[in-house]
>>> print(open('protein-v2.cif').read())   # mmCIF, C-alpha atoms
data_query
#
loop_
_atom_site.label_atom_id
_atom_site.label_comp_id
_atom_site.auth_asym_id
_atom_site.auth_seq_id
_atom_site.Cartn_x
_atom_site.Cartn_y
_atom_site.Cartn_z
CA MET A 1 -62.17 -30.94 -45.99
CA LYS A 2 -61.86 -29.48 -42.50
CA GLU A 3 -59.15 -31.34 -40.61
CA ILE A 4 -59.38 -29.24 -37.45
CA GLU A 5 -62.40 -27.29 -36.18
CA ILE A 6 -62.16 -25.13 -33.08
CA LYS A 7 -65.56 -23.93 -31.90
CA ASN A 8 -65.99 -21.20 -29.29
CA LEU A 9 -62.96 -22.43 -27.35
CA THR A 10 -62.50 -21.02 -23.85
CA LYS A 11 -59.79 -22.03 -21.39
CA LYS A 12 -59.61 -20.72 -17.84
CA PHE A 13 -57.02 -21.40 -15.14
CA GLU A 14 -57.53 -21.03 -11.41
CA ILE A 15 -54.41 -19.38 -9.97
CA LYS A 16 -54.18 -18.32 -6.31
CA ASP A 17 -57.89 -17.82 -5.77
CA HIS A 18 -58.50 -15.93 -9.00
CA THR A 19 -59.40 -16.95 -12.54
CA VAL A 20 -57.17 -16.30 -15.55
CA THR A 21 -58.84 -16.57 -18.97
CA ALA A 22 -56.15 -17.77 -21.39
CA LEU A 23 -58.55 -18.23 -24.33
CA ASN A 24 -61.92 -16.60 -24.79
CA GLY A 25 -64.37 -17.83 -27.44
CA VAL A 26 -61.84 -18.74 -30.16
CA SER A 27 -63.30 -20.28 -33.33
CA LEU A 28 -61.39 -21.25 -36.45
CA SER A 29 -61.08 -24.11 -38.93
CA ILE A 30 -58.06 -25.59 -40.69
CA GLU A 31 -58.33 -27.47 -43.98
CA LYS A 32 -56.65 -30.79 -44.65
CA GLY A 33 -53.12 -30.33 -46.05
CA GLU A 34 -52.83 -26.65 -45.09
CA ILE A 35 -49.88 -24.97 -43.43
CA TYR A 36 -51.70 -22.75 -40.96
CA GLY A 37 -50.11 -20.11 -38.75
CA ILE A 38 -51.30 -18.99 -35.32
CA ILE A 39 -49.44 -15.86 -34.28
CA GLY A 40 -49.43 -13.47 -31.36
CA MET A 41 -47.17 -11.79 -28.85
CA SER A 42 -45.98 -13.51 -25.66
CA GLY A 43 -48.88 -14.29 -23.34
CA ALA A 44 -51.50 -14.02 -26.09
CA GLY A 45 -52.68 -17.62 -25.56
CA LYS A 46 -51.03 -19.30 -28.57
CA SER A 47 -49.43 -22.21 -26.70
CA THR A 48 -52.61 -22.87 -24.74
CA LEU A 49 -54.46 -23.01 -28.04
CA VAL A 50 -52.07 -25.49 -29.64
CA ARG A 51 -52.08 -27.69 -26.53
CA SER A 52 -55.88 -27.67 -26.66
CA ILE A 53 -55.86 -29.04 -30.20
CA ASN A 54 -54.55 -32.41 -28.97
CA PHE A 55 -56.29 -32.11 -25.57
CA LEU A 56 -53.09 -31.77 -23.57
CA GLU A 57 -55.11 -28.86 -22.21
CA ARG A 58 -58.77 -29.76 -21.80
CA PRO A 59 -60.97 -26.77 -22.72
CA THR A 60 -63.16 -25.13 -20.09
CA ASP A 61 -65.79 -24.60 -22.78
CA GLY A 62 -66.16 -25.12 -26.52
CA GLN A 63 -65.21 -27.96 -28.86
CA ILE A 64 -62.17 -29.36 -30.63
CA LEU A 65 -63.08 -31.53 -33.61
CA ILE A 66 -60.46 -33.55 -35.52
CA GLU A 67 -61.88 -34.84 -38.82
CA GLY A 68 -65.33 -34.22 -37.36
CA VAL A 69 -64.68 -36.15 -34.13
CA ASP A 70 -65.25 -34.21 -30.88
CA LEU A 71 -62.27 -35.02 -28.66
CA ALA A 72 -64.29 -34.40 -25.49
CA GLU A 73 -66.54 -37.36 -26.36
CA LEU A 74 -63.70 -39.89 -26.65
CA SER A 75 -62.72 -42.41 -23.98
CA LYS A 76 -59.16 -42.29 -22.62
CA LYS A 77 -58.17 -45.16 -24.94
CA GLU A 78 -59.80 -43.51 -27.97
CA LEU A 79 -58.16 -40.17 -27.11
CA ARG A 80 -54.70 -41.81 -26.92
CA LYS A 81 -55.29 -43.32 -30.37
CA LYS A 82 -56.41 -39.97 -31.76
CA ARG A 83 -53.36 -38.24 -30.26
CA SER A 84 -51.13 -40.69 -32.13
CA GLU A 85 -52.43 -39.02 -35.29
CA ILE A 86 -51.19 -35.63 -34.03
CA GLY A 87 -47.41 -35.10 -33.89
CA MET A 88 -45.88 -32.20 -31.98
CA ILE A 89 -42.53 -30.39 -31.95
CA PHE A 90 -41.33 -27.78 -29.48
CA GLN A 91 -38.89 -24.90 -29.14
CA SER A 92 -36.85 -26.91 -26.59
CA PHE A 93 -36.66 -30.06 -28.81
CA ASN A 94 -37.44 -32.42 -25.84
CA LEU A 95 -34.98 -35.10 -26.96
CA ILE A 96 -33.85 -37.79 -24.51
CA GLU A 97 -30.19 -37.02 -23.78
CA GLN A 98 -29.35 -40.63 -22.84
CA LYS A 99 -30.53 -42.01 -26.19
CA ASN A 100 -28.84 -41.59 -29.56
CA VAL A 101 -30.63 -40.10 -32.55
CA LEU A 102 -31.96 -43.40 -33.89
CA ASP A 103 -33.26 -44.49 -30.47
CA ASN A 104 -34.93 -41.09 -29.91
CA ILE A 105 -36.95 -41.60 -33.09
CA CYS A 106 -37.72 -45.22 -32.19
CA PHE A 107 -39.01 -44.27 -28.74
CA PRO A 108 -42.63 -43.33 -29.66
CA LEU A 109 -42.86 -46.39 -31.90
CA GLU A 110 -41.76 -48.69 -29.07
CA ILE A 111 -44.35 -47.09 -26.77
CA ALA A 112 -46.95 -47.79 -29.49
CA GLY A 113 -45.95 -51.49 -29.38
CA LYS A 114 -43.94 -51.73 -32.60
CA LYS A 115 -41.28 -54.41 -32.80
CA LYS A 116 -37.71 -53.13 -32.49
CA LYS A 117 -36.73 -54.16 -36.02
CA GLU A 118 -39.80 -52.47 -37.50
CA ALA A 119 -39.24 -49.34 -35.41
CA ARG A 120 -35.59 -49.04 -36.48
CA LYS A 121 -36.54 -49.43 -40.14
CA ARG A 122 -39.10 -46.63 -39.83
CA ALA A 123 -36.62 -44.44 -37.93
CA LYS A 124 -33.99 -44.84 -40.64
CA GLU A 125 -36.55 -43.85 -43.30
CA LEU A 126 -37.36 -40.69 -41.35
CA LEU A 127 -33.70 -39.83 -40.86
CA GLY A 128 -33.41 -39.86 -44.64
CA LEU A 129 -36.43 -37.58 -44.93
CA VAL A 130 -34.87 -34.98 -42.60
CA ASN A 131 -31.35 -35.38 -44.04
CA MET A 132 -29.83 -36.74 -40.82
CA THR A 133 -28.84 -40.28 -41.83
CA GLU A 134 -25.17 -39.79 -40.97
CA LYS A 135 -26.06 -38.73 -37.41
CA GLU A 136 -28.05 -41.79 -36.36
CA LYS A 137 -25.51 -42.84 -33.69
CA SER A 138 -24.92 -39.31 -32.36
CA TYR A 139 -26.34 -38.09 -29.06
CA PRO A 140 -28.31 -34.83 -28.65
CA SER A 141 -25.37 -33.12 -26.92
CA GLN A 142 -23.34 -33.63 -30.11
CA LEU A 143 -25.88 -31.89 -32.36
CA SER A 144 -26.52 -28.26 -33.31
CA GLY A 145 -29.90 -26.64 -32.63
CA GLY A 146 -31.03 -27.16 -36.20
CA GLN A 147 -29.97 -30.82 -36.15
CA LYS A 148 -31.84 -31.38 -32.88
CA GLN A 149 -34.98 -29.89 -34.41
CA ARG A 150 -34.67 -32.16 -37.45
CA VAL A 151 -34.49 -35.18 -35.13
CA ALA A 152 -37.49 -33.85 -33.20
CA ILE A 153 -39.43 -33.51 -36.48
CA ALA A 154 -38.50 -37.08 -37.47
CA ARG A 155 -39.64 -38.34 -34.05
CA ALA A 156 -42.94 -36.45 -34.36
CA LEU A 157 -43.53 -38.13 -37.75
CA ALA A 158 -42.73 -41.63 -36.48
CA THR A 159 -46.35 -42.69 -35.93
CA ASN A 160 -47.51 -41.38 -39.34
CA PRO A 161 -49.56 -38.48 -37.94
CA LYS A 162 -52.08 -36.62 -40.06
CA ILE A 163 -51.39 -33.36 -38.21
CA LEU A 164 -48.11 -31.79 -37.08
CA LEU A 165 -48.23 -29.10 -34.39
CA CYS A 166 -45.19 -26.81 -34.15
CA ASP A 167 -45.04 -24.75 -30.94
CA GLU A 168 -42.46 -21.98 -31.44
CA ALA A 169 -40.34 -24.59 -33.21
CA THR A 170 -37.89 -22.07 -34.71
CA SER A 171 -37.70 -19.48 -31.91
CA ALA A 172 -34.41 -20.84 -30.53
CA LEU A 173 -32.74 -21.01 -33.95
CA ASP A 174 -30.69 -18.48 -35.92
CA PRO A 175 -32.20 -17.04 -39.15
CA GLN A 176 -30.31 -19.35 -41.52
CA THR A 177 -31.22 -22.47 -39.53
CA THR A 178 -34.82 -21.25 -39.23
CA GLU A 179 -35.01 -21.00 -43.02
CA SER A 180 -33.72 -24.57 -43.44
CA ILE A 181 -36.25 -25.92 -40.93
CA LEU A 182 -39.11 -24.06 -42.62
CA ASN A 183 -38.02 -25.44 -46.00
CA LEU A 184 -38.01 -28.92 -44.47
CA LEU A 185 -41.54 -28.45 -43.13
CA LYS A 186 -42.71 -27.26 -46.57
CA ASP A 187 -41.12 -30.34 -48.12
CA ILE A 188 -42.81 -32.64 -45.59
CA ASN A 189 -46.16 -30.95 -46.24
CA GLU A 190 -45.78 -31.46 -50.00
CA LYS A 191 -44.50 -35.05 -49.83
CA LEU A 192 -46.77 -36.39 -47.10
CA GLY A 193 -49.80 -34.10 -47.42
CA ILE A 194 -49.71 -33.59 -43.66
CA THR A 195 -51.56 -30.65 -42.10
CA ILE A 196 -49.13 -28.36 -40.26
CA VAL A 197 -50.10 -25.85 -37.58
CA ILE A 198 -47.36 -23.38 -36.67
CA ILE A 199 -47.50 -21.39 -33.44
CA THR A 200 -45.13 -18.41 -33.51
CA HIS A 201 -44.61 -14.77 -32.57
CA GLN A 202 -42.52 -14.19 -35.72
CA MET A 203 -44.41 -12.76 -38.71
CA SER A 204 -41.49 -13.73 -40.97
CA VAL A 205 -42.20 -17.41 -40.21
CA VAL A 206 -45.86 -16.97 -41.17
CA THR A 207 -45.11 -15.10 -44.41
CA ASP A 208 -42.46 -17.65 -45.40
CA ILE A 209 -44.46 -20.84 -45.00
CA CYS A 210 -48.16 -20.41 -44.12
CA GLN A 211 -51.13 -20.13 -46.45
CA LYS A 212 -53.53 -18.85 -43.77
CA VAL A 213 -53.03 -17.19 -40.40
CA ALA A 214 -54.99 -16.49 -37.24
CA ILE A 215 -53.88 -13.62 -35.00
CA ILE A 216 -54.44 -14.04 -31.26
CA GLU A 217 -54.41 -11.15 -28.81
CA ASN A 218 -55.26 -11.39 -25.10
CA GLY A 219 -56.80 -14.82 -25.61
CA GLN A 220 -59.08 -13.73 -28.44
CA LEU A 221 -59.03 -14.25 -32.19
CA VAL A 222 -58.76 -10.73 -33.63
CA GLU A 223 -58.02 -11.39 -37.30
CA GLU A 224 -57.72 -14.35 -39.66
CA GLY A 225 -57.49 -15.12 -43.34
CA LEU A 226 -55.04 -15.58 -46.20
CA VAL A 227 -51.53 -14.51 -45.23
CA GLU A 228 -51.15 -12.44 -48.39
CA LYS A 229 -54.37 -10.50 -47.75
CA ILE A 230 -53.55 -9.75 -44.11
CA PHE A 231 -50.00 -8.73 -45.02
CA GLU A 232 -51.29 -6.35 -47.69
CA ASN A 233 -54.08 -4.86 -45.59
CA PRO A 234 -53.90 -5.57 -41.84
CA LYS A 235 -57.06 -4.37 -40.12
CA THR A 236 -56.24 -4.72 -36.42
CA ASP A 237 -53.52 -3.11 -34.30
CA ALA A 238 -52.26 -6.60 -33.40
CA ALA A 239 -51.74 -7.47 -37.08
CA LYS A 240 -50.06 -4.14 -37.81
CA GLU A 241 -47.75 -4.58 -34.83
CA LEU A 242 -46.73 -8.09 -35.86
CA ILE A 243 -46.08 -7.04 -39.46
CA SER A 244 -44.09 -3.95 -38.52
CA GLY A 245 -42.28 -5.62 -35.63
CA LYS A 246 -42.97 -2.53 -33.50
CA LYS A 247 -45.24 -1.97 -30.55
CA ILE A 248 -48.10 0.35 -31.49
CA THR A 249 -48.56 3.10 -28.94
CA TYR A 250 -50.69 6.18 -28.94
CA SER A 251 -49.20 9.32 -27.44
CA PRO A 252 -50.64 12.83 -26.99
CA LEU A 253 -47.53 14.06 -28.82
CA GLU A 254 -48.74 12.40 -32.01
CA GLU A 255 -51.32 15.16 -32.58
CA PHE A 256 -48.40 17.44 -33.47
CA ASP A 257 -47.27 14.99 -36.14
CA VAL A 258 -49.23 16.51 -39.02
CA GLU A 259 -47.68 14.39 -41.74
CA LYS A 260 -50.08 11.73 -42.99
CA LYS A 261 -48.50 8.29 -43.28
CA ILE A 262 -49.62 5.42 -45.48
CA ARG A 263 -48.34 1.89 -46.06
CA ILE A 264 -48.25 0.59 -49.61
CA VAL A 265 -47.62 -2.98 -50.76
CA PHE A 266 -46.41 -3.67 -54.28
CA SER A 267 -47.94 -6.53 -56.25
CA GLU A 268 -46.03 -8.35 -59.00
CA ASN A 269 -47.57 -6.13 -61.69
CA SER A 270 -46.97 -2.82 -59.93
CA ALA A 271 -43.37 -3.70 -59.06
CA TYR A 272 -42.24 -2.92 -62.63
CA GLU A 273 -43.55 0.66 -62.70
CA PRO A 274 -41.54 3.51 -61.08
CA VAL A 275 -44.62 4.43 -59.05
CA ILE A 276 -43.01 6.81 -56.56
CA SER A 277 -41.10 8.73 -59.23
CA ASN A 278 -44.22 9.07 -61.35
CA LEU A 279 -46.21 10.10 -58.28
CA ILE A 280 -43.84 12.97 -57.46
CA LEU A 281 -43.82 14.15 -61.08
CA LYS A 282 -47.61 13.99 -61.41
CA PHE A 283 -48.48 15.88 -58.22
CA ASN A 284 -45.37 18.04 -58.02
CA SER A 285 -45.27 17.40 -54.27
CA PRO A 286 -42.60 15.91 -51.99
CA ILE A 287 -43.18 12.32 -50.88
CA ASN A 288 -41.10 11.11 -47.95
CA ILE A 289 -40.10 7.44 -47.93
CA LEU A 290 -40.03 6.67 -44.20
CA LYS A 291 -39.45 2.93 -44.51
CA ALA A 292 -38.91 0.39 -47.29
CA ASP A 293 -38.62 -3.38 -47.10
CA THR A 294 -39.08 -6.58 -49.07
CA ARG A 295 -40.73 -9.68 -47.61
CA ASN A 296 -41.18 -13.23 -48.82
CA VAL A 297 -44.91 -13.89 -48.61
CA GLY A 298 -45.86 -17.41 -49.63
CA GLY A 299 -42.91 -17.68 -51.99
CA THR A 300 -43.58 -14.31 -53.65
CA ALA A 301 -41.47 -11.20 -53.04
CA LYS A 302 -43.64 -8.38 -51.71
CA GLY A 303 -42.33 -4.84 -51.48
CA GLU A 304 -43.68 -2.51 -48.81
CA MET A 305 -43.13 1.17 -48.12
CA ILE A 306 -44.25 3.66 -45.50
CA LEU A 307 -44.76 7.05 -47.15
CA GLY A 308 -45.20 10.50 -45.61
CA LEU A 309 -47.68 12.55 -47.64
CA PRO A 310 -48.08 16.35 -48.04
CA ASP A 311 -50.34 18.21 -45.59
CA ASP A 312 -52.97 19.13 -48.20
CA GLU A 313 -55.92 16.73 -47.72
CA ASP A 314 -57.05 16.96 -51.36
CA ILE A 315 -53.59 15.99 -52.57
CA GLN A 316 -53.50 13.16 -50.00
CA LYS A 317 -56.76 11.72 -51.35
CA ALA A 318 -55.61 12.10 -54.96
CA ILE A 319 -52.31 10.31 -54.20
CA ILE A 320 -54.09 7.43 -52.47
CA ASN A 321 -56.51 7.04 -55.40
CA TYR A 322 -53.59 7.16 -57.85
CA LEU A 323 -51.80 4.36 -55.97
CA LYS A 324 -54.91 2.18 -55.74
CA GLU A 325 -55.59 2.61 -59.47
CA ARG A 326 -52.16 1.10 -60.09
CA GLY A 327 -52.97 -2.04 -58.13
CA LEU A 328 -51.19 -1.18 -54.90
CA SER A 329 -52.63 -2.02 -51.51
CA VAL A 330 -52.88 1.18 -49.43
CA SER A 331 -53.58 1.49 -45.70
CA GLU A 332 -53.22 4.30 -43.20
CA VAL A 333 -50.41 4.19 -40.63
CA THR A 334 -51.24 5.71 -37.25
CA GLU A 335 -48.13 4.73 -35.27
CA ASN A 336 -44.73 6.40 -35.27
CA VAL A 337 -42.27 4.94 -37.76
#
>>> encode(input="protein-v2.cif", output="structure tokens")
Amino acid sequence: MKEIEIKNLTKKFEIKDHTVTALNGVSLSIEKGEIYGIIGMSGAGKSTLVRSINFLERPTDGQILIEGVDLAELSKKELRKKRSEIGMIFQSFNLIEQKNVLDNICFPLEIAGKKKKEARKRAKELLGLVNMTEKEKSYPSQLSGGQKQRVAIARALATNPKILLCDEATSALDPQTTESILNLLKDINEKLGITIVIITHQMSVVTDICQKVAIIENGQLVEEGLVEKIFENPKTDAAKELISGKKITYSPLEEFDVEKKIRIVFSENSAYEPVISNLILKFNSPINILKADTRNVGGTAKGEMILGLPDDEDIQKAIINYLKERGLSVSEVTENV
């Protein structure tokens, strides 16, 4: 079932007598219970997109449907009720410094009209869920970044939302803390069946936790699909840049770089065969390993390599066919490594 449908979404801002198009004709759908990633570089339009999902930003054109309901057709009262079904967490945590942890989590419940006793009971349950029970009387200034984000997650879950939006929720955290927060989000997704949408510029976040991903560039959707498929065979420059972590540039000097480069991704089956060694022996040609890495993609270790091939085009084609026959994903690399 489609939990979120975004149809031909366009958002324009009027800034100092000229129009800035932040989003241009974006369409995608997110299934109920998915962990869905939306990724792009700074300024791509990701945050505008996530803020459009709960109508914090009203689209200039297009539709946002939540469980088939067009948000633009709701009254203010109906929209407030619908927003209560959509929790949101941010990079900056947005905790109230004057309130302790328990009261921060109670705050949205009190706004929703819950009795104090009922709100505190719910808040304590959520503190247990995010492993922060012992910090209920602490204030935000006494917490680490990871602890603050756990409290923010608990607060976002207070009203039993069906959807959780995460806007760069791990960008301010160190790698170890990021991993713990992502594991927590996975756990919440499994236990509560909540749909999670993660906005990020970090491909490692997407490969760690998301099942599907949409790549945004200059306000447009340029690529989408299963994370594993896009990781194995990125088709757009934006996807290749995000996977490699390097800016793709094209320089006149590259025409002198005669060595052909390919990217290969090892599947579980191919990981047990000494492919590169066998390749060198079979073709009796030097193969340069320009880069090698291992990534966690959806809980599965994926090995990737960038190889430099011999100049002979016939040997290049034979090597690529050999690799594909052994179940490896192969794509050409046009940027400098």
>>> resolve_selection(input="protein-v2.cif", expression="the PyMOL selection byres ((chain A and resi 11) around 12)", output="ChimeraX atom specification")
/A:8-10,12-14,19-26,45-53,55,57-63,219-220
>>> atom_distance(input="protein-v2.cif", atom1="atom CA of Glu125 of chain A", atom2="atom CA of Ala158 of chain A")
9.5 Å
>>> axis_aligned_box(input="protein-v2.cif", around="segment 32-46 of chain A", padding_each_side="8 Å", output="AutoDock Vina command-line options")
--center_x -51.3 --center_y -21.3 --center_z -34.7 --size_x 26.7 --size_y 35.0 --size_z 38.7
>>> residues_near_point(input="protein-v2.cif", point="(-32.6, -40.6, -32.5)", cutoff="8 Å", atoms="only C-alpha atoms", output="PyMOL selection string")
chain A and resi 99-106+123+136-139+151+155
>>> atom_distance(input="protein-v2.cif", atom1="atom CA of Phe283 of chain A", atom2="atom CA of Leu328 of chain A")
17.6 Å
>>> closest_residue(input="protein-v2.cif", among="A:Ala169, A:Ile30, A:Ile315, A:Met305", to="Ile194 of chain A", atoms="only C-alpha atoms")
A:Ile30
>>> closest_residue(input="protein-v2.cif", among="A:Lys212, A:Ile181, A:Arg263, A:Glu31", to="Gly193 of chain A", atoms="all atoms listed in the file")
A:Glu31
>>> closest_residue(input="protein-v2.cif", among="A:Ala44, A:Ile306, A:Leu279, A:Ile287", to="Tyr322 of chain A", atoms="only C-alpha atoms")
A:Leu279
>>> atom_distance(input="protein-v2.cif", atom1="atom CA of Ile163 of chain A", atom2="atom CA of Glu241 of chain A")
29.2 Å
>>> closest_residue(input="protein-v2.cif", among="A:Gln149, A:Ser329, A:Asn321, A:Asn189", to="Lys229 of chain A", atoms="all atoms listed in the file")
A:Ser329
>>> residues_around(input="protein-v2.cif", residues="Tyr36 of chain A", least_positions_apart="3", cutoff="9 Å", atoms="all atoms listed in the file", output="list of chain:residue names")
A:Ile30, A:Glu31, A:Thr195, A:Ile196, A:Val197, A:Ile198, A:Ile199, A:Val206, A:Ile209, A:Cys210, A:Gln211, A:Lys212, A:Val213, A:Ala214
>>> write_last_selection(input="protein-v2.cif", atoms="C-alpha atoms", output="PDB file, in the coordinates of the input")
ATOM      1  CA  ILE A  30     -58.060 -25.590 -40.690  1.00  0.00           C
ATOM      2  CA  GLU A  31     -58.330 -27.470 -43.980  1.00  0.00           C
ATOM      3  CA  THR A 195     -51.560 -30.650 -42.100  1.00  0.00           C
ATOM      4  CA  ILE A 196     -49.130 -28.360 -40.260  1.00  0.00           C
ATOM      5  CA  VAL A 197     -50.100 -25.850 -37.580  1.00  0.00           C
ATOM      6  CA  ILE A 198     -47.360 -23.380 -36.670  1.00  0.00           C
ATOM      7  CA  ILE A 199     -47.500 -21.390 -33.440  1.00  0.00           C
ATOM      8  CA  VAL A 206     -45.860 -16.970 -41.170  1.00  0.00           C
ATOM      9  CA  ILE A 209     -44.460 -20.840 -45.000  1.00  0.00           C
ATOM     10  CA  CYS A 210     -48.160 -20.410 -44.120  1.00  0.00           C
ATOM     11  CA  GLN A 211     -51.130 -20.130 -46.450  1.00  0.00           C
ATOM     12  CA  LYS A 212     -53.530 -18.850 -43.770  1.00  0.00           C
ATOM     13  CA  VAL A 213     -53.030 -17.190 -40.400  1.00  0.00           C
ATOM     14  CA  ALA A 214     -54.990 -16.490 -37.240  1.00  0.00           C
TER      15      ALA A 214
END
>>> build_atoms(input="protein-v2.cif", residues="segment 235-243 of chain A", atoms="all heavy atoms", output="compact mmCIF listing (two decimals), in the frame of the given file")
# COMPACT_ATOMS: atom_id res chain seq x y z
N LYS A 235 -55.95 -5.19 -40.61
CA LYS A 235 -57.06 -4.37 -40.12
C LYS A 235 -56.95 -4.05 -38.62
O LYS A 235 -57.48 -3.05 -38.16
CB LYS A 235 -58.40 -5.07 -40.40
CG LYS A 235 -58.63 -5.30 -41.90
CD LYS A 235 -60.03 -5.82 -42.15
CE LYS A 235 -60.24 -6.15 -43.62
NZ LYS A 235 -59.95 -5.01 -44.49
N THR A 236 -56.30 -4.93 -37.86
CA THR A 236 -56.24 -4.72 -36.42
C THR A 236 -54.86 -4.22 -36.00
O THR A 236 -53.86 -4.42 -36.70
CB THR A 236 -56.53 -6.03 -35.67
OG1 THR A 236 -55.53 -7.00 -36.02
CG2 THR A 236 -57.90 -6.57 -36.03
N ASP A 237 -54.81 -3.58 -34.83
CA ASP A 237 -53.52 -3.11 -34.30
C ASP A 237 -52.57 -4.28 -34.08
O ASP A 237 -51.37 -4.16 -34.30
CB ASP A 237 -53.73 -2.37 -32.98
CG ASP A 237 -54.35 -0.99 -33.19
OD1 ASP A 237 -54.35 -0.51 -34.34
OD2 ASP A 237 -54.82 -0.40 -32.21
N ALA A 238 -53.11 -5.42 -33.65
CA ALA A 238 -52.26 -6.60 -33.40
C ALA A 238 -51.57 -7.04 -34.69
O ALA A 238 -50.38 -7.35 -34.70
CB ALA A 238 -53.09 -7.73 -32.82
N ALA A 239 -52.32 -7.07 -35.79
CA ALA A 239 -51.74 -7.47 -37.08
C ALA A 239 -50.70 -6.46 -37.54
O ALA A 239 -49.62 -6.84 -38.01
CB ALA A 239 -52.84 -7.62 -38.13
N LYS A 240 -51.00 -5.18 -37.40
CA LYS A 240 -50.06 -4.14 -37.81
C LYS A 240 -48.77 -4.22 -36.99
O LYS A 240 -47.67 -4.05 -37.53
CB LYS A 240 -50.70 -2.76 -37.66
CG LYS A 240 -51.85 -2.51 -38.63
CD LYS A 240 -52.56 -1.20 -38.31
CE LYS A 240 -53.79 -1.01 -39.21
NZ LYS A 240 -54.54 0.21 -38.86
N GLU A 241 -48.92 -4.48 -35.71
CA GLU A 241 -47.75 -4.58 -34.83
C GLU A 241 -46.87 -5.75 -35.22
O GLU A 241 -45.64 -5.64 -35.28
CB GLU A 241 -48.22 -4.72 -33.38
CG GLU A 241 -47.09 -4.87 -32.37
CD GLU A 241 -47.62 -5.07 -30.97
OE1 GLU A 241 -48.77 -4.68 -30.70
OE2 GLU A 241 -46.88 -5.63 -30.15
N LEU A 242 -47.49 -6.90 -35.51
CA LEU A 242 -46.73 -8.09 -35.86
C LEU A 242 -46.03 -7.94 -37.21
O LEU A 242 -44.91 -8.41 -37.41
CB LEU A 242 -47.65 -9.32 -35.87
CG LEU A 242 -48.11 -9.77 -34.48
CD1 LEU A 242 -49.34 -10.66 -34.59
CD2 LEU A 242 -46.98 -10.49 -33.76
N ILE A 243 -46.69 -7.25 -38.14
CA ILE A 243 -46.08 -7.04 -39.46
C ILE A 243 -44.93 -6.05 -39.37
O ILE A 243 -43.87 -6.26 -39.95
CB ILE A 243 -47.15 -6.55 -40.47
CG1 ILE A 243 -48.09 -7.72 -40.82
CG2 ILE A 243 -46.49 -6.01 -41.74
CD1 ILE A 243 -49.31 -7.29 -41.61
